[in-house]
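Trainee: Got a file for you: data.csv, CSV, C-alpha atoms.
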chain,number,residue,atom,x,y,z
A,201,MET,CA,-44.5,26.2,-32.2
A,202,ALA,CA,-44.6,27.6,-35.6
A,203,GLU,CA,-42.5,25.1,-37.5
A,204,ASN,CA,-44.0,24.2,-40.8
A,205,THR,CA,-41.6,21.9,-42.4
A,206,SER,CA,-39.1,19.3,-41.1
A,207,THR,CA,-36.2,21.3,-42.3
A,208,GLU,CA,-37.4,24.3,-40.3
A,209,TYR,CA,-38.0,22.2,-37.3
A,210,ILE,CA,-34.5,20.7,-37.4
A,211,LEU,CA,-32.8,24.0,-38.1
A,212,HIS,CA,-34.7,25.6,-35.3
A,213,HIS,CA,-33.5,22.9,-32.9
A,214,LEU,CA,-29.9,23.4,-34.0
A,215,THR,CA,-29.9,27.1,-33.6
A,216,HIS,CA,-28.2,28.4,-30.4
A,217,ASN,CA,-29.7,31.1,-28.3
A,218,ARG,CA,-27.0,33.7,-29.0
A,219,LEU,CA,-26.0,37.1,-27.9
A,220,HIS,CA,-25.1,39.0,-31.0
A,221,THR,CA,-21.8,40.8,-30.8
A,222,GLU,CA,-19.4,42.2,-33.3
A,223,GLY,CA,-15.8,41.3,-34.0
A,224,ALA,CA,-13.5,38.4,-35.0
A,225,MET,CA,-15.3,35.8,-32.8
A,226,ALA,CA,-18.8,37.3,-32.9
A,227,ASN,CA,-21.7,36.0,-30.9
A,228,PHE,CA,-22.0,34.2,-27.6
A,229,HIS,CA,-24.1,31.1,-26.9
A,230,LEU,CA,-26.2,31.9,-23.9
A,231,ASP,CA,-27.8,28.5,-23.8
A,232,THR,CA,-24.5,26.6,-23.7
A,233,PHE,CA,-23.1,29.0,-21.1
A,234,TRP,CA,-26.0,29.0,-18.7
A,235,ILE,CA,-26.9,25.3,-18.9
A,236,ALA,CA,-23.2,24.3,-18.5
A,237,LEU,CA,-22.8,26.7,-15.6
A,238,VAL,CA,-26.0,25.4,-13.8
A,239,LEU,CA,-24.9,21.8,-14.3
A,240,GLY,CA,-21.4,22.6,-13.1
A,241,PHE,CA,-22.8,24.1,-10.0
A,242,ILE,CA,-25.1,21.1,-9.5
A,243,PHE,CA,-22.0,18.9,-9.6
A,244,VAL,CA,-19.9,21.1,-7.3
A,245,GLY,CA,-22.8,21.7,-5.0
A,246,ILE,CA,-23.6,18.0,-4.5
A,247,PHE,CA,-20.0,16.9,-4.2
A,248,GLY,CA,-19.1,19.9,-2.0
A,249,LEU,CA,-22.0,19.2,0.3
A,250,VAL,CA,-21.1,15.5,0.6
A,251,ALA,CA,-17.4,16.5,1.1
A,252,ARG,CA,-18.4,18.9,3.9
A,253,LYS,CA,-20.4,16.3,5.7
A,254,ALA,CA,-18.3,13.3,4.8
A,255,THR,CA,-17.6,10.8,7.6
A,256,ASP,CA,-14.9,8.2,7.7
A,257,GLY,CA,-17.3,5.9,9.5
A,258,VAL,CA,-20.2,4.2,7.8
A,259,PRO,CA,-21.2,6.4,4.8
A,260,GLY,CA,-24.7,7.3,3.7
A,261,LYS,CA,-26.1,6.5,0.3
A,262,LEU,CA,-25.3,9.8,-1.4
A,263,GLN,CA,-21.8,9.7,0.1
A,264,ASN,CA,-21.4,6.2,-1.0
A,265,PHE,CA,-22.3,7.2,-4.6
A,266,VAL,CA,-19.9,10.2,-4.5
A,267,GLU,CA,-17.2,8.0,-3.1
A,268,LEU,CA,-17.7,5.5,-5.8
A,269,ILE,CA,-17.1,8.1,-8.5
A,270,VAL,CA,-14.2,9.7,-6.6
A,271,GLU,CA,-12.5,6.3,-6.1
A,272,MET,CA,-13.0,5.4,-9.7
A,273,VAL,CA,-11.2,8.6,-10.8
A,274,ASP,CA,-8.6,8.2,-8.1
A,275,THR,CA,-7.8,4.6,-9.1
A,276,HIS,CA,-7.4,5.6,-12.7
A,277,ILE,CA,-5.0,8.4,-11.7
A,278,LYS,CA,-3.0,6.2,-9.4
A,279,ASP,CA,-2.7,3.5,-12.1
A,280,THR,CA,-1.7,5.9,-14.9
A,281,PHE,CA,-0.2,9.0,-13.5
A,282,HIS,CA,3.1,8.6,-11.7
A,283,GLY,CA,3.9,12.2,-10.9
A,284,LYS,CA,2.7,14.2,-8.0
A,285,SER,CA,-0.1,16.8,-8.6
A,286,LYS,CA,-2.8,18.4,-6.7
A,287,VAL,CA,-4.7,19.4,-9.8
A,288,ILE,CA,-5.1,16.2,-11.8
A,289,GLY,CA,-7.6,14.6,-9.4
A,290,PRO,CA,-10.0,17.5,-9.3
A,291,LEU,CA,-9.5,18.1,-13.0
A,292,ALA,CA,-10.4,14.5,-13.9
A,293,LEU,CA,-13.3,14.4,-11.5
A,294,THR,CA,-14.7,17.7,-12.8
A,295,ILE,CA,-14.3,16.5,-16.4
A,296,PHE,CA,-16.1,13.2,-15.8
A,297,CYS,CA,-19.0,14.6,-13.8
A,298,TRP,CA,-19.5,17.8,-15.7
A,299,VAL,CA,-19.3,16.1,-19.1
A,300,PHE,CA,-21.6,13.4,-17.9
A,301,LEU,CA,-24.2,15.9,-16.7
A,302,MET,CA,-24.0,17.9,-19.9
A,303,ASN,CA,-24.3,14.8,-22.0
A,304,ALA,CA,-27.2,13.6,-19.9
A,305,MET,CA,-29.2,16.7,-21.0
A,306,ASP,CA,-29.9,14.6,-24.1
A,307,PHE,CA,-32.2,12.4,-22.1
A,308,PHE,CA,-34.8,15.1,-21.7
A,309,PRO,CA,-37.3,15.2,-24.5
A,310,VAL,CA,-35.9,17.3,-27.3
A,311,ASP,CA,-38.9,19.7,-27.3
A,312,LEU,CA,-39.3,20.0,-23.5
A,313,PHE,CA,-36.8,22.8,-22.7
A,314,PRO,CA,-37.3,24.7,-26.0
A,315,TRP,CA,-41.1,24.6,-25.3
A,316,ILE,CA,-40.6,25.8,-21.7
A,317,GLY,CA,-38.3,28.5,-23.1
A,318,SER,CA,-40.8,29.6,-25.6
A,319,LEU,CA,-43.3,30.3,-22.8
A,320,PHE,CA,-40.8,32.8,-21.5
A,321,GLY,CA,-40.0,34.3,-24.9
A,322,ILE,CA,-36.8,32.3,-25.5
A,323,ASN,CA,-37.1,31.3,-29.1
A,324,HIS,CA,-34.0,29.2,-29.5
A,325,LEU,CA,-32.6,26.8,-27.0
A,326,ARG,CA,-30.1,24.0,-27.3
A,327,VAL,CA,-29.9,22.0,-24.1
A,328,VAL,CA,-26.8,19.8,-24.7
A,329,PRO,CA,-23.8,22.0,-24.1
A,330,THR,CA,-21.4,19.2,-25.3
A,331,ALA,CA,-23.1,19.3,-28.7
A,332,ASP,CA,-21.6,22.7,-29.1
A,333,VAL,CA,-18.0,22.9,-30.4
A,334,ASN,CA,-17.3,25.8,-28.1
A,335,GLN,CA,-17.9,23.8,-25.1
A,336,THR,CA,-15.8,20.8,-26.1
A,337,PHE,CA,-13.0,22.9,-27.4
A,338,ALA,CA,-13.0,25.0,-24.3
A,339,MET,CA,-12.4,21.9,-22.3
A,340,SER,CA,-9.8,20.3,-24.6
A,341,ILE,CA,-7.9,23.6,-25.0
A,342,SER,CA,-7.9,23.9,-21.2
A,343,VAL,CA,-6.5,20.4,-21.1
A,344,LEU,CA,-3.8,21.4,-23.6
A,345,LEU,CA,-2.8,24.2,-21.3
A,346,TYR,CA,-2.6,21.8,-18.4
A,347,ILE,CA,-0.5,19.4,-20.6
A,348,ILE,CA,1.9,22.2,-21.3
A,349,GLY,CA,1.9,23.3,-17.7
A,350,PHE,CA,2.5,19.8,-16.4
A,351,SER,CA,5.4,19.4,-18.9
A,352,ILE,CA,7.1,22.6,-17.9
A,353,LYS,CA,6.6,21.8,-14.2
A,354,ALA,CA,8.1,18.3,-14.6
A,355,LYS,CA,11.0,19.2,-16.9
A,356,GLY,CA,11.5,22.9,-16.4
A,357,LEU,CA,10.9,25.4,-19.2
A,358,GLY,CA,14.3,24.7,-20.8
A,359,GLY,CA,13.8,20.9,-20.6
A,360,TRP,CA,10.4,21.2,-22.2
A,361,ILE,CA,11.7,23.3,-25.1
A,362,LYS,CA,14.7,21.1,-25.5
A,363,GLU,CA,12.4,18.1,-25.7
A,364,LEU,CA,10.3,19.8,-28.4
A,365,PHE,CA,13.3,19.8,-30.7
A,366,THR,CA,15.1,16.6,-29.7
A,367,ALA,CA,12.3,14.0,-29.5
A,368,PRO,CA,10.9,11.7,-30.8
A,369,PHE,CA,13.9,11.3,-33.2
A,370,HIS,CA,17.3,11.0,-31.6
A,371,ALA,CA,20.6,11.4,-33.4
A,372,GLU,CA,24.2,10.8,-32.4
A,373,GLY,CA,26.3,13.6,-33.9
A,374,THR,CA,25.8,17.4,-33.7
A,375,VAL,CA,25.0,17.6,-37.4
A,376,GLY,CA,22.4,14.9,-37.1
A,377,LYS,CA,20.8,16.7,-34.1
A,378,ILE,CA,20.6,19.9,-36.0
A,379,CYS,CA,19.1,18.2,-39.0
A,380,LEU,CA,16.4,16.6,-36.8
A,381,LEU,CA,15.4,19.9,-35.1
A,382,ILE,CA,12.7,20.8,-37.6
A,383,PRO,CA,11.2,17.3,-38.0
A,384,ASN,CA,11.1,16.8,-34.3
A,385,PHE,CA,9.5,20.1,-33.7
A,386,LEU,CA,6.8,19.4,-36.4
A,387,PHE,CA,6.1,16.0,-34.9
A,388,GLN,CA,5.8,17.4,-31.4
A,389,LEU,CA,3.6,20.2,-32.6
A,390,ILE,CA,1.3,17.8,-34.4
A,391,GLU,CA,1.1,15.6,-31.4
A,392,LEU,CA,0.4,18.5,-29.1
A,393,ILE,CA,-2.4,19.9,-31.4
A,394,ALA,CA,-3.9,16.6,-32.2
A,395,LYS,CA,-4.7,15.9,-28.6
A,396,PRO,CA,-7.2,18.7,-28.0
A,397,ILE,CA,-8.7,18.3,-31.4
A,398,SER,CA,-9.3,14.6,-31.0
A,399,LEU,CA,-10.6,15.1,-27.5
A,400,ALA,CA,-13.0,17.9,-28.5
A,401,LEU,CA,-14.2,16.5,-31.8
A,402,ARG,CA,-14.8,13.0,-30.4
A,403,LEU,CA,-17.1,14.3,-27.7
A,404,PHE,CA,-18.8,16.9,-30.0
A,405,GLY,CA,-19.4,14.4,-32.8
A,406,ASN,CA,-20.9,11.9,-30.5
A,407,MET,CA,-23.2,14.3,-28.8
A,408,TYR,CA,-24.1,16.2,-31.9
A,409,ALA,CA,-25.0,13.1,-33.7
A,410,GLY,CA,-27.0,11.9,-30.7
A,411,GLU,CA,-28.9,15.1,-30.5
A,412,LEU,CA,-29.6,15.2,-34.2
A,413,LEU,CA,-30.9,11.6,-34.1
A,414,PHE,CA,-33.3,12.5,-31.3
A,415,ILE,CA,-34.5,15.5,-33.3
A,416,LEU,CA,-35.1,13.2,-36.3
A,417,ILE,CA,-36.9,10.7,-34.2
A,418,ALA,CA,-39.0,13.4,-32.9
A,419,LEU,CA,-40.2,14.1,-36.5
A,420,LEU,CA,-41.9,10.7,-36.5
A,421,PRO,CA,-45.6,10.4,-35.8
A,422,TRP,CA,-46.2,10.3,-32.0
A,423,TRP,CA,-47.5,6.7,-32.0
A,424,ILE,CA,-44.4,5.2,-33.7
A,425,ASN,CA,-41.9,7.5,-31.9
A,426,TRP,CA,-41.0,5.0,-29.2
A,427,VAL,CA,-39.9,2.3,-31.7
A,428,LEU,CA,-36.8,4.2,-32.5
A,429,GLY,CA,-36.7,6.6,-29.6
A,430,THR,CA,-36.5,4.0,-26.8
A,431,PRO,CA,-33.6,1.9,-28.2
A,432,TRP,CA,-31.7,5.1,-29.1
A,433,ALA,CA,-32.2,6.5,-25.6
A,434,ILE,CA,-31.1,3.3,-24.0
A,435,PHE,CA,-28.1,3.1,-26.3
A,436,HIS,CA,-27.4,6.7,-25.6
A,437,VAL,CA,-27.0,6.0,-21.9
A,438,LEU,CA,-23.9,4.1,-22.8
A,439,VAL,CA,-22.7,6.8,-25.1
A,440,VAL,CA,-23.2,9.5,-22.6
A,441,THR,CA,-21.3,7.7,-19.9
A,442,LEU,CA,-18.6,6.4,-22.2
A,443,GLN,CA,-17.9,9.8,-23.7
A,444,ALA,CA,-17.5,11.3,-20.2
A,445,TYR,CA,-15.3,8.4,-19.2
A,446,VAL,CA,-13.2,8.6,-22.3
A,447,PHE,CA,-12.6,12.3,-22.0
A,448,MET,CA,-11.5,11.8,-18.4
A,449,VAL,CA,-9.2,8.8,-19.1
A,450,LEU,CA,-7.6,10.5,-22.1
A,451,THR,CA,-7.0,13.6,-20.1
A,452,ILE,CA,-5.2,11.6,-17.4
A,453,VAL,CA,-3.2,9.7,-20.0
A,454,TYR,CA,-2.1,12.9,-21.8
A,455,LEU,CA,-1.1,14.5,-18.5
A,456,SER,CA,0.9,11.4,-17.5
A,457,MET,CA,2.6,11.5,-20.9
A,458,ALA,CA,3.4,15.1,-20.3
A,459,VAL,CA,5.3,14.5,-17.1
A,460,GLU,CA,7.2,11.4,-18.4
A,461,ASP,CA,10.5,11.8,-20.3
A,462,HIS,CA,10.6,10.7,-23.9
B,232,MET,CA,-19.7,24.3,-36.1
B,233,GLU,CA,-19.3,27.9,-35.2
B,234,PHE,CA,-16.5,29.1,-33.0
B,235,ASN,CA,-17.2,32.3,-31.1
B,236,THR,CA,-16.7,34.0,-27.7
B,237,SER,CA,-18.6,31.2,-26.1
B,238,LEU,CA,-15.3,29.3,-26.2
B,239,PHE,CA,-13.8,31.8,-23.7
B,240,GLY,CA,-16.9,31.7,-21.6
B,241,GLN,CA,-16.7,27.9,-21.3
B,242,VAL,CA,-12.9,28.0,-20.6
B,243,ILE,CA,-13.6,30.3,-17.7
B,244,THR,CA,-16.5,28.2,-16.4
B,245,PHE,CA,-14.3,25.1,-16.7
B,246,ALA,CA,-11.4,26.7,-14.9
B,247,LEU,CA,-13.8,27.9,-12.1
B,248,LEU,CA,-15.3,24.4,-11.7
B,249,VAL,CA,-11.8,22.8,-11.5
B,250,TRP,CA,-10.8,25.3,-9.0
B,251,PHE,CA,-13.9,24.7,-6.9
B,252,THR,CA,-13.3,21.0,-7.1
B,253,MET,CA,-9.7,21.4,-6.1
B,254,LYS,CA,-10.6,23.6,-3.1
B,255,ILE,CA,-13.8,22.1,-1.6
B,256,VAL,CA,-14.4,18.7,-3.1
B,257,TRP,CA,-11.3,16.6,-3.8
B,258,PRO,CA,-9.1,17.1,-0.7
B,259,PRO,CA,-11.8,16.4,2.0
B,260,LEU,CA,-13.2,13.4,0.1
B,261,THR,CA,-9.9,11.7,-0.7
B,262,GLY,CA,-8.6,12.6,2.8
B,263,MET,CA,-11.6,11.1,4.4
B,264,MET,CA,-11.3,8.0,2.3
B,265,GLU,CA,-7.7,7.6,3.2
B,266,LYS,CA,-8.6,8.1,6.8
B,267,ARG,CA,-11.2,5.4,6.6
B,268,ALA,CA,-8.8,3.0,4.8
B,269,GLN,CA,-6.3,3.7,7.7
B,270,ARG,CA,-9.1,3.1,10.3
B,271,ILE,CA,-10.0,-0.2,8.6
B,272,ALA,CA,-6.3,-1.3,8.5
B,273,GLU,CA,-6.0,-0.3,12.2
B,274,GLY,CA,-9.1,-2.2,13.1
B,275,LEU,CA,-7.8,-5.3,11.3
B,276,SER,CA,-4.4,-5.2,13.0
B,277,ALA,CA,-6.1,-4.6,16.3
B,278,ALA,CA,-8.3,-7.6,15.8
B,279,ASP,CA,-5.1,-9.7,15.0
B,280,ARG,CA,-3.4,-8.3,18.0
B,281,ALA,CA,-6.5,-9.1,20.2
B,282,LYS,CA,-6.5,-12.7,18.8
B,283,GLN,CA,-2.8,-13.0,19.7
B,284,ASP,CA,-3.5,-11.6,23.2
B,285,LEU,CA,-6.3,-14.0,23.7
B,286,ALA,CA,-4.1,-16.9,22.8
B,287,ASN,CA,-1.4,-15.6,25.1
B,288,ALA,CA,-3.9,-15.1,27.9
B,289,GLU,CA,-5.3,-18.6,27.5
B,290,LYS,CA,-1.8,-20.0,27.6
B,291,ALA,CA,-0.9,-18.0,30.7
B,292,SER,CA,-4.1,-19.0,32.5
B,293,ALA,CA,-3.5,-22.7,31.7
B,294,GLU,CA,0.0,-22.2,33.1
B,295,LYS,CA,-1.4,-20.5,36.3
B,296,LEU,CA,-3.9,-23.3,36.7
B,297,ARG,CA,-1.3,-25.9,36.4
B,298,GLU,CA,0.9,-24.2,39.0
B,299,ALA,CA,-2.0,-23.8,41.3
B,300,LYS,CA,-2.9,-27.4,41.1
B,301,GLN,CA,0.7,-28.4,41.8
B,302,HIS,CA,0.9,-26.0,44.7
B,303,ALA,CA,-2.4,-27.4,46.1
B,304,SER,CA,-1.2,-31.0,45.9
B,305,GLU,CA,2.1,-30.0,47.5
B,306,LEU,CA,0.1,-28.4,50.4
B,307,ILE,CA,-2.0,-31.5,50.8
B,308,ALA,CA,1.1,-33.7,50.9
B,309,GLN,CA,2.7,-31.4,53.4
B,310,ALA,CA,-0.4,-31.4,55.6
B,311,GLU,CA,-0.7,-35.1,55.5
B,312,LYS,CA,3.0,-35.4,56.5
B,313,ARG,CA,2.5,-32.9,59.3
B,314,ALA,CA,-0.6,-34.7,60.5
B,315,ASN,CA,1.2,-38.0,60.6
B,316,GLN,CA,4.0,-36.3,62.5
B,317,ILE,CA,1.6,-34.9,65.0
B,318,ILE,CA,0.0,-38.3,65.6
B,319,ASP,CA,3.4,-39.9,66.0
B,320,GLU,CA,4.4,-37.2,68.5
B,321,ALA,CA,1.2,-37.6,70.4
B,322,LYS,CA,1.7,-41.4,70.5
B,323,ASP,CA,5.2,-41.0,71.8
B,324,LYS,CA,4.1,-38.5,74.4
B,325,ALA,CA,1.3,-40.8,75.6
B,326,LYS,CA,3.7,-43.7,75.8
B,327,VAL,CA,6.2,-41.7,77.9
B,328,GLU,CA,3.5,-40.4,80.1
B,329,SER,CA,2.0,-43.8,80.7
B,330,GLU,CA,5.4,-45.2,81.5
B,331,ARG,CA,6.0,-42.4,83.9
B,332,LEU,CA,2.6,-43.0,85.6
B,333,LEU,CA,3.3,-46.7,85.7
B,334,ALA,CA,6.7,-46.1,87.3
B,335,GLY,CA,5.2,-43.7,89.8
B,336,ALA,CA,2.5,-46.2,90.7
B,337,GLN,CA,5.0,-49.0,91.1
B,338,ALA,CA,7.2,-46.8,93.3
B,339,GLU,CA,4.3,-45.9,95.5
B,340,ILE,CA,3.3,-49.5,95.7
B,341,THR,CA,6.8,-50.5,96.8
B,342,GLN,CA,6.8,-47.7,99.3
B,343,GLN,CA,3.5,-48.7,100.7
B,344,VAL,CA,4.6,-52.4,100.9
B,345,GLU,CA,7.7,-51.3,102.7
B,346,GLN,CA,5.6,-49.1,105.0
B,347,ALA,CA,3.2,-52.0,105.6
B,348,LYS,CA,6.1,-54.3,106.2
B,349,GLY,CA,7.4,-51.8,108.7
B,350,VAL,CA,4.1,-51.6,110.5
B,351,LEU,CA,3.6,-55.3,110.4
B,352,ARG,CA,7.1,-55.8,111.8
B,353,GLN,CA,6.3,-53.4,114.5
B,354,GLN,CA,3.1,-55.1,115.3
B,355,VAL,CA,4.7,-58.6,115.1
B,356,ALA,CA,7.4,-57.4,117.4
B,357,THR,CA,4.9,-56.0,119.7
B,358,LEU,CA,2.8,-59.2,119.5
B,359,ALA,CA,5.9,-61.3,120.1
B,360,LEU,CA,6.9,-59.1,122.9
B,361,GLU,CA,3.5,-59.2,124.4
B,362,GLY,CA,3.4,-63.0,123.9
B,363,ALA,CA,6.8,-63.3,125.3
B,364,THR,CA,5.9,-61.0,128.0
B,365,LYS,CA,2.9,-63.0,128.9
B,366,ILE,CA,4.9,-66.2,128.8
B,367,LEU,CA,7.8,-64.9,130.6
B,368,LYS,CA,5.9,-62.6,132.9
B,369,GLN,CA,7.9,-63.1,135.8
B,370,GLU,CA,11.2,-64.0,134.5
B,371,VAL,CA,11.8,-61.4,132.0
B,372,ASP,CA,12.4,-57.9,133.1
B,373,ALA,CA,11.9,-55.4,130.3
B,374,GLY,CA,14.6,-53.3,131.7
B,375,LYS,CA,17.0,-56.1,132.1
B,376,HIS,CA,16.6,-57.8,128.8
B,377,ALA,CA,16.2,-54.7,126.7
B,378,VAL,CA,19.2,-55.5,124.7
B,379,LEU,CA,18.0,-58.9,123.9
B,380,LEU,CA,14.5,-57.7,123.0
B,381,GLU,CA,15.9,-55.1,120.7
B,382,SER,CA,18.0,-57.7,118.8
B,383,ILE,CA,14.9,-59.9,118.5
B,384,LYS,CA,13.0,-56.9,117.2
B,385,ALA,CA,15.7,-56.2,114.6
B,386,GLU,CA,15.6,-59.8,113.4
B,387,LEU,CA,11.9,-59.8,112.7
Just give me the structure as structure tokens.

Mentor:
Amino acid sequence: MAENTSTEYILHHLTHNRLHTEGAMANFHLDTFWIALVLGFIFVGIFGLVARKATDGVPGKLQNFVELIVEMVDTHIKDTFHGKSKVIGPLALTIFCWVFLMNAMDFFPVDLFPWIGSLFGINHLRVVPTADVNQTFAMSISVLLYIIGFSIKAKGLGGWIKELFTAPFHAEGTVGKICLLIPNFLFQLIELIAKPISLALRLFGNMYAGELLFILIALLPWWINWVLGTPWAIFHVLVVTLQAYVFMVLTIVYLSMAVEDH
Amino acid sequence: MEFNTSLFGQVITFALLVWFTMKIVWPPLTGMMEKRAQRIAEGLSAADRAKQDLANAEKASAEKLREAKQHASELIAQAEKRANQIIDEAKDKAKVESERLLAGAQAEITQQVEQAKGVLRQQVATLALEGATKILKQEVDAGKHAVLLESIKAEL
């Protein structure tokens, strides 16, 4: 590697491998895309394989592990979500497993994949897709679409639009209702927009900070590296799991709020 | 922070993964787990039922045993009664038979005595007649005194 200064090293590690395009939303992060895709297929592959061979008798070890996760997600949904939906279970499971795997990319040494990449002529590579706002916002905006979809399905298009203007503030007379149309709508809009932003920024912030800290720790001399690296990696196990879990739980909560009447 | 077309790429990937999970992962896994929960519930209720059945069977077998014992004791009592009856009957029969035999023997004895008496009477009569004949050799004519002789014979 040809980094000379710490700043260059850090900046190099924080640069995406991008496909340069023109237009309003130029560029495309190839590293985020491919790593997220591969991890997603690893998740679907393992779970799909287990689902295909699943037995309702005595389960094997892998099936047991998969069942543990599925049951955890299912229990959360049954506790929180009181509507009926075929989507929420798969959605929550996908979020938990996919986000966990993407976060877990942090556990690889920060220089490992960039170094392997450099052997193949890939100069920039960021291996943690969830430390990329595009990834986290892609998921949270998808969740927002699900929230709107669930609301419309539960209340009907008219019911949903009516609720946008008549809740959370309620008035008695017609005049009062008209007066509250705008404030209600503003509140609902803020509530609706705050959800994906908080979801995405929480995950992004945690993972970006984690990655940055690993990069900074990597700047230390090799013989003292472990003093900070080991505790942070151990602590990060918690963060990685917790963030995946929080994203999943909040998604379930938002979706159950979407189907309930105000 | 830089938003770009990656956002759409990740939205598509996400949608694809959710769709995959919905099609091939979630339904078979949750279905299988539900089936297993059902199987366990069935197994537990079957165990309960089996326990109940066992208790019932034990009760029934005890009842049967009790009945059988009672029946056996009844049979034994009946058999004893019958045996006593048979013995009594045999005793009665033997008594009757012995009486009959006794009566027969007595009748025979009486008959034989009578017969012997008759023979003796005949012989005595003959002897008396002979004696009388010897004594009265000349005086008594058998032909003449036949009536007399017959009356004497009858008196003997």

Trainee: Quick one, how far is atom CA of A:Tyr346 from atom CA of A:Tyr454?

Mentor: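 Atom CA of A:Tyr346 sits 9.5 Å away from atom CA of A:Tyr454.
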
Trainee: State, in Å with one decimal place, the distance from atom CA of A:Leu399 to atom CA of A:Lys355.

Mentor: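 Answer for the atom CA of A:Leu399 to atom CA of A:Lys355 separation: 24.4 Å.
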
Trainee: Out of A:Phe308, A:Phe320, A:Tyr408, A:Phe385, which residue has the shortest atom-to-atom distance to chain B when counting all atoms listed in the file?

Mentor: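 Nearest to chain B: A:Tyr408.
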
Trainee: Taking all atoms listed in the file into account, which of B:Gln241, B:Thr261, B:Thr252, B:Gln343 comes nearest A:Val270?

Mentor: B:Thr261

Trainee: Which polymer residues have any atom within 12 Å of an atom of B:Phe239, counting all atoms listed in the file, with same-chain residues fewer than 3 positions away left out, as an MDAnalysis selection string?

Mentor: (chainID A and resid 225:229 232:233 333:339 341:342) or (chainID B and resid 234:236 242:246)

Trainee: Hey, which of A:Val449, A:Leu325, A:Val343, A:Ala254 ends up closest to chain B? Count only C-alpha atoms.

Mentor: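 Checking each of A:Val449, A:Leu325, A:Val343, A:Ala254 against chain B, counting only C-alpha atoms, the winner is A:Ala254.
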
Trainee: Please report as a PyMOL selection string which residues of chain B come no farther than 12 Å from chain A, using all atoms listed in the file.

Mentor: chain B and resi 232-271

Trainee: Kindly save the residues from that selection, with C-alpha atoms included, as a PDB file, keeping the file's coordinate frame.

Mentor:
ATOM      1  CA  MET B 232     -19.700  24.300 -36.100  1.00  0.00           C
ATOM      2  CA  GLU B 233     -19.300  27.900 -35.200  1.00  0.00           C
ATOM      3  CA  PHE B 234     -16.500  29.100 -33.000  1.00  0.00           C
ATOM      4  CA  ASN B 235     -17.200  32.300 -31.100  1.00  0.00           C
ATOM      5  CA  THR B 236     -16.700  34.000 -27.700  1.00  0.00           C
ATOM      6  CA  SER B 237     -18.600  31.200 -26.100  1.00  0.00           C
ATOM      7  CA  LEU B 238     -15.300  29.300 -26.200  1.00  0.00           C
ATOM      8  CA  PHE B 239     -13.800  31.800 -23.700  1.00  0.00           C
ATOM      9  CA  GLY B 240     -16.900  31.700 -21.600  1.00  0.00           C
ATOM     10  CA  GLN B 241     -16.700  27.900 -21.300  1.00  0.00           C
ATOM     11  CA  VAL B 242     -12.900  28.000 -20.600  1.00  0.00           C
ATOM     12  CA  ILE B 243     -13.600  30.300 -17.700  1.00  0.00           C
ATOM     13  CA  THR B 244     -16.500  28.200 -16.400  1.00  0.00           C
ATOM     14  CA  PHE B 245     -14.300  25.100 -16.700  1.00  0.00           C
ATOM     15  CA  ALA B 246     -11.400  26.700 -14.900  1.00  0.00           C
ATOM     16  CA  LEU B 247     -13.800  27.900 -12.100  1.00  0.00           C
ATOM     17  CA  LEU B 248     -15.300  24.400 -11.700  1.00  0.00           C
ATOM     18  CA  VAL B 249     -11.800  22.800 -11.500  1.00  0.00           C
ATOM     19  CA  TRP B 250     -10.800  25.300  -9.000  1.00  0.00           C
ATOM     20  CA  PHE B 251     -13.900  24.700  -6.900  1.00  0.00           C
ATOM     21  CA  THR B 252     -13.300  21.000  -7.100  1.00  0.00           C
ATOM     22  CA  MET B 253      -9.700  21.400  -6.100  1.00  0.00           C
ATOM     23  CA  LYS B 254     -10.600  23.600  -3.100  1.00  0.00           C
ATOM     24  CA  ILE B 255     -13.800  22.100  -1.600  1.00  0.00           C
ATOM     25  CA  VAL B 256     -14.400  18.700  -3.100  1.00  0.00           C
ATOM     26  CA  TRP B 257     -11.300  16.600  -3.800  1.00  0.00           C
ATOM     27  CA  PRO B 258      -9.100  17.100  -0.700  1.00  0.00           C
ATOM     28  CA  PRO B 259     -11.800  16.400   2.000  1.00  0.00           C
ATOM     29  CA  LEU B 260     -13.200  13.400   0.100  1.00  0.00           C
ATOM     30  CA  THR B 261      -9.900  11.700  -0.700  1.00  0.00           C
ATOM     31  CA  GLY B 262      -8.600  12.600   2.800  1.00  0.00           C
ATOM     32  CA  MET B 263     -11.600  11.100   4.400  1.00  0.00           C
ATOM     33  CA  MET B 264     -11.300   8.000   2.300  1.00  0.00           C
ATOM     34  CA  GLU B 265      -7.700   7.600   3.200  1.00  0.00           C
ATOM     35  CA  LYS B 266      -8.600   8.100   6.800  1.00  0.00           C
ATOM     36  CA  ARG B 267     -11.200   5.400   6.600  1.00  0.00           C
ATOM     37  CA  ALA B 268      -8.800   3.000   4.800  1.00  0.00           C
ATOM     38  CA  GLN B 269      -6.300   3.700   7.700  1.00  0.00           C
ATOM     39  CA  ARG B 270      -9.100   3.100  10.300  1.00  0.00           C
ATOM     40  CA  ILE B 271     -10.000  -0.200   8.600  1.00  0.00           C
TER      41      ILE B 271
END

Trainee: Between atom CA of A:Asn384 and atom CA of A:Pro368, what is the distance in Å, rounded to a tenth?

Mentor: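 A separation of 6.2 Å between them.
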
Trainee: Can you tell me which residues surround A:Pro309 at a distance of at most 9 Å, considering all atoms listed in the file, apart from same-chain residues fewer than 3 positions away, and format the answer as a ChimeraX atom specification?

Mentor: /A:305-306,312-313,414,418

Trainee: Could the centre and edge lengths of an axis-aligned box, enclosing all atoms of stretch 329-346 of chain A in the file with 5 Å extra on each side, be given in Å to one decimal as lines of an AutoDock Vina configuration file?

Mentor:
center_x = -13.2
center_y = 22.5
center_z = -24.4
size_x = 31.2
size_y = 16.6
size_z = 22.0
